[in-house]
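What follows is a short report on a single structure.
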Amino acid sequence: MRFEIPDDKKLVHEMRIQVRWGDMDAMGHVNNTVYFRYLEMARVEWLESLGGAPSPDGQGPVIVNAFCNFYRQVTYPGELIARHYVSSPGRSSFDTWITLERADEPGVICAAGGATTVWQDAALQKSVELPTWLREHLT
């Protein structure tokens, strides 16, 4: 099953990620689970850049689904460029999309993933309306 990243999306953040030796597995390439860490790093750094770091005591993002398509193997050493996009803001949720490409091979996407993010109140354990400050960055 492959999920495709939509054309109708907004680029909101870009970051570089160093591939670490420990990211690789016995097959000699970055382990598939590590890609989800890379996607998480991009989402969290973007939210932190907006002043909205996840807070276990207040409100913040929770991921309700996630996927990653693997196109090309990534190995150590290397540096990745993560491009973070958003789309489809609703009352309490939005979609995130992230592409990963090697810095030394611009434009060649090695992996692409995404997630549906729901804004929740941790104490209530339920979704709440997206804050105005965040909604402004989604549209």
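Residues in the structure tokens are named by chain (A, B, ... in the order shown) and by number from 1 within that chain; ligands are numbered from 1 in the order shown.
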Quick one: everything within 9 Å of A:Glu129, counting only C-alpha atoms, minus sequence neighbours fewer than 6 positions away in the same chain. Send it as a ChimeraX atom specification.
/A:90-93,119-120
Quick one: everything within 10 Å of A:Gly52, counting only C-alpha atoms, minus sequence neighbours fewer than 4 positions away in the same chain. Send it as a PyMOL selection string.
chain A and resi 44-48+59-61+131+133-134
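Here the residues within stretch 14-56 of chain A that DSSP labels strand (DSSP E) on the basis of the backbone are Glu14, Met15, Arg16, Ile17, Gln18 and Val19 of chain A.
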Expected file contents, prior selection, all heavy atoms, as a JSON list (two decimals), in the first residue's frame:
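The resulting file, selection_6.json, is reproduced below:
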[["chain", "number", "residue", "atom", "x", "y", "z"],
["A", 14, "GLU", "N", 11.87, 23.41, 6.97],
["A", 14, "GLU", "CA", 12.92, 22.60, 6.37],
["A", 14, "GLU", "C", 14.04, 22.46, 7.38],
["A", 14, "GLU", "O", 14.37, 23.41, 8.09],
["A", 14, "GLU", "CB", 13.45, 23.28, 5.10],
["A", 14, "GLU", "CG", 14.43, 22.46, 4.33],
["A", 14, "GLU", "CD", 14.83, 23.11, 3.01],
["A", 14, "GLU", "OE1", 13.94, 23.38, 2.19],
["A", 14, "GLU", "OE2", 16.05, 23.35, 2.85],
["A", 15, "MET", "N", 14.60, 21.26, 7.48],
["A", 15, "MET", "CA", 15.71, 21.04, 8.41],
["A", 15, "MET", "C", 16.66, 20.00, 7.83],
["A", 15, "MET", "O", 16.30, 19.27, 6.91],
["A", 15, "MET", "CB", 15.20, 20.58, 9.78],
["A", 15, "MET", "CG", 14.60, 19.18, 9.80],
["A", 15, "MET", "SD", 14.08, 18.62, 11.43],
["A", 15, "MET", "CE", 15.65, 18.32, 12.22],
["A", 16, "ARG", "N", 17.85, 19.96, 8.40],
["A", 16, "ARG", "CA", 18.85, 18.96, 8.00],
["A", 16, "ARG", "C", 19.01, 17.96, 9.14],
["A", 16, "ARG", "O", 18.98, 18.34, 10.31],
["A", 16, "ARG", "CB", 20.17, 19.63, 7.67],
["A", 16, "ARG", "CG", 20.07, 20.45, 6.39],
["A", 16, "ARG", "CD", 21.38, 21.11, 6.02],
["A", 16, "ARG", "NE", 21.25, 21.72, 4.71],
["A", 16, "ARG", "CZ", 21.77, 21.24, 3.59],
["A", 16, "ARG", "NH1", 22.48, 20.12, 3.63],
["A", 16, "ARG", "NH2", 21.61, 21.85, 2.44],
["A", 17, "ILE", "N", 19.17, 16.70, 8.76],
["A", 17, "ILE", "CA", 19.31, 15.62, 9.73],
["A", 17, "ILE", "C", 20.56, 14.83, 9.37],
["A", 17, "ILE", "O", 20.70, 14.36, 8.23],
["A", 17, "ILE", "CB", 18.08, 14.69, 9.69],
["A", 17, "ILE", "CG1", 16.80, 15.46, 10.04],
["A", 17, "ILE", "CG2", 18.28, 13.50, 10.64],
["A", 17, "ILE", "CD1", 15.53, 14.67, 9.80],
["A", 18, "GLN", "N", 21.45, 14.67, 10.33],
["A", 18, "GLN", "CA", 22.64, 13.85, 10.13],
["A", 18, "GLN", "C", 22.28, 12.38, 10.29],
["A", 18, "GLN", "O", 21.65, 11.99, 11.27],
["A", 18, "GLN", "CB", 23.73, 14.21, 11.15],
["A", 18, "GLN", "CG", 24.32, 15.58, 10.98],
["A", 18, "GLN", "CD", 25.04, 15.73, 9.65],
["A", 18, "GLN", "OE1", 25.79, 14.86, 9.22],
["A", 18, "GLN", "NE2", 24.79, 16.85, 8.98],
["A", 19, "VAL", "N", 22.66, 11.57, 9.32],
["A", 19, "VAL", "CA", 22.48, 10.12, 9.44],
["A", 19, "VAL", "C", 23.59, 9.62, 10.36],
["A", 19, "VAL", "O", 24.77, 9.90, 10.14],
["A", 19, "VAL", "CB", 22.57, 9.43, 8.06],
["A", 19, "VAL", "CG1", 22.47, 7.92, 8.20],
["A", 19, "VAL", "CG2", 21.49, 9.97, 7.13]]
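Straight-line separation from atom CA of A:Ser88 to atom CA of A:Asp8: 8.8 Å.
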Would you tabulate, counting only C-alpha atoms, all residues of stretch 12-101 of chain A that have an atom at most 10 Å from an atom of stretch 109-118 of chain A, showing the closest pair of atoms and their distance in Å to one decimal, sorted by chain then ascending number, as JSON lines?
{"residue": "A:Tyr35", "atom": "CA", "partner": "A:Ala111", "partner_atom": "CA", "distance": 8.0}
{"residue": "A:Phe36", "atom": "CA", "partner": "A:Gly113", "partner_atom": "CA", "distance": 8.1}
{"residue": "A:Tyr38", "atom": "CA", "partner": "A:Gly113", "partner_atom": "CA", "distance": 9.9}
{"residue": "A:Leu39", "atom": "CA", "partner": "A:Gly113", "partner_atom": "CA", "distance": 7.2}
{"residue": "A:Glu40", "atom": "CA", "partner": "A:Gly114", "partner_atom": "CA", "distance": 9.6}
{"residue": "A:Arg43", "atom": "CA", "partner": "A:Ala115", "partner_atom": "CA", "distance": 9.7}
{"residue": "A:Gly60", "atom": "CA", "partner": "A:Val118", "partner_atom": "CA", "distance": 8.2}
{"residue": "A:Pro61", "atom": "CA", "partner": "A:Val118", "partner_atom": "CA", "distance": 5.6}
{"residue": "A:Val62", "atom": "CA", "partner": "A:Val118", "partner_atom": "CA", "distance": 5.4}
{"residue": "A:Ile63", "atom": "CA", "partner": "A:Thr117", "partner_atom": "CA", "distance": 4.7}
{"residue": "A:Val64", "atom": "CA", "partner": "A:Thr116", "partner_atom": "CA", "distance": 5.7}
{"residue": "A:Asn65", "atom": "CA", "partner": "A:Ala115", "partner_atom": "CA", "distance": 5.4}
{"residue": "A:Ala66", "atom": "CA", "partner": "A:Ala115", "partner_atom": "CA", "distance": 4.2}
{"residue": "A:Phe67", "atom": "CA", "partner": "A:Gly113", "partner_atom": "CA", "distance": 5.3}
{"residue": "A:Cys68", "atom": "CA", "partner": "A:Gly113", "partner_atom": "CA", "distance": 4.0}
{"residue": "A:Asn69", "atom": "CA", "partner": "A:Ala112", "partner_atom": "CA", "distance": 5.3}
{"residue": "A:Phe70", "atom": "CA", "partner": "A:Ala111", "partner_atom": "CA", "distance": 4.6}
{"residue": "A:Tyr71", "atom": "CA", "partner": "A:Cys110", "partner_atom": "CA", "distance": 5.0}
{"residue": "A:Arg72", "atom": "CA", "partner": "A:Cys110", "partner_atom": "CA", "distance": 4.5}
{"residue": "A:Gln73", "atom": "CA", "partner": "A:Cys110", "partner_atom": "CA", "distance": 6.7}
{"residue": "A:Val74", "atom": "CA", "partner": "A:Cys110", "partner_atom": "CA", "distance": 7.1}
{"residue": "A:Leu80", "atom": "CA", "partner": "A:Cys110", "partner_atom": "CA", "distance": 9.1}
{"residue": "A:Ile81", "atom": "CA", "partner": "A:Ile109", "partner_atom": "CA", "distance": 9.4}
{"residue": "A:Ala82", "atom": "CA", "partner": "A:Ala112", "partner_atom": "CA", "distance": 9.3}
{"residue": "A:Arg83", "atom": "CA", "partner": "A:Ala112", "partner_atom": "CA", "distance": 9.4}
{"residue": "A:His84", "atom": "CA", "partner": "A:Gly114", "partner_atom": "CA", "distance": 9.1}
{"residue": "A:Tyr85", "atom": "CA", "partner": "A:Gly114", "partner_atom": "CA", "distance": 9.0}
{"residue": "A:Val86", "atom": "CA", "partner": "A:Gly114", "partner_atom": "CA", "distance": 9.3}
{"residue": "A:Ser87", "atom": "CA", "partner": "A:Thr116", "partner_atom": "CA", "distance": 9.7}
{"residue": "A:Ser88", "atom": "CA", "partner": "A:Thr116", "partner_atom": "CA", "distance": 9.5}
{"residue": "A:Pro89", "atom": "CA", "partner": "A:Thr117", "partner_atom": "CA", "distance": 9.6}
{"residue": "A:Gly90", "atom": "CA", "partner": "A:Val118", "partner_atom": "CA", "distance": 9.3}
{"residue": "A:Arg91", "atom": "CA", "partner": "A:Val118", "partner_atom": "CA", "distance": 9.3}
{"residue": "A:Ser92", "atom": "CA", "partner": "A:Val118", "partner_atom": "CA", "distance": 5.7}
{"residue": "A:Ser93", "atom": "CA", "partner": "A:Val118", "partner_atom": "CA", "distance": 4.2}
{"residue": "A:Phe94", "atom": "CA", "partner": "A:Thr117", "partner_atom": "CA", "distance": 5.5}
{"residue": "A:Asp95", "atom": "CA", "partner": "A:Thr116", "partner_atom": "CA", "distance": 4.5}
{"residue": "A:Thr96", "atom": "CA", "partner": "A:Gly114", "partner_atom": "CA", "distance": 5.2}
{"residue": "A:Trp97", "atom": "CA", "partner": "A:Gly114", "partner_atom": "CA", "distance": 4.2}
{"residue": "A:Ile98", "atom": "CA", "partner": "A:Gly113", "partner_atom": "CA", "distance": 5.3}
{"residue": "A:Thr99", "atom": "CA", "partner": "A:Ala112", "partner_atom": "CA", "distance": 4.3}
{"residue": "A:Leu100", "atom": "CA", "partner": "A:Ala111", "partner_atom": "CA", "distance": 5.2}
{"residue": "A:Glu101", "atom": "CA", "partner": "A:Ile109", "partner_atom": "CA", "distance": 4.5}
Atom pair atom CA of A:Asn32 + atom CA of A:Gly107, distance 20.9 Å
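In this structure, atom CA of A:Ala123 sits 8.6 Å away from atom CA of A:Pro56.
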Could you pull out the residues in stretch 3-130 of chain A that DSSP calls helix (DSSP H, G or I) from the backbone, as JSON, numbers by chain?
{"A": [21, 22, 23, 32, 33, 34, 35, 36, 37, 38, 39, 40, 41, 42, 43, 44, 45, 46, 47, 48, 49]}
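The nearest approach to A:Gly22 among the residues A:Ser127, A:Thr75, A:Thr132, A:Thr139, with only C-alpha atoms taken into account, belongs to A:Thr75.
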Within 9 Å of A:Met24 using only C-alpha atoms, minus same-chain residues under 3 positions, as an MDAnalysis selection string:
chainID A and resid 19:21 27:31 34 74:76
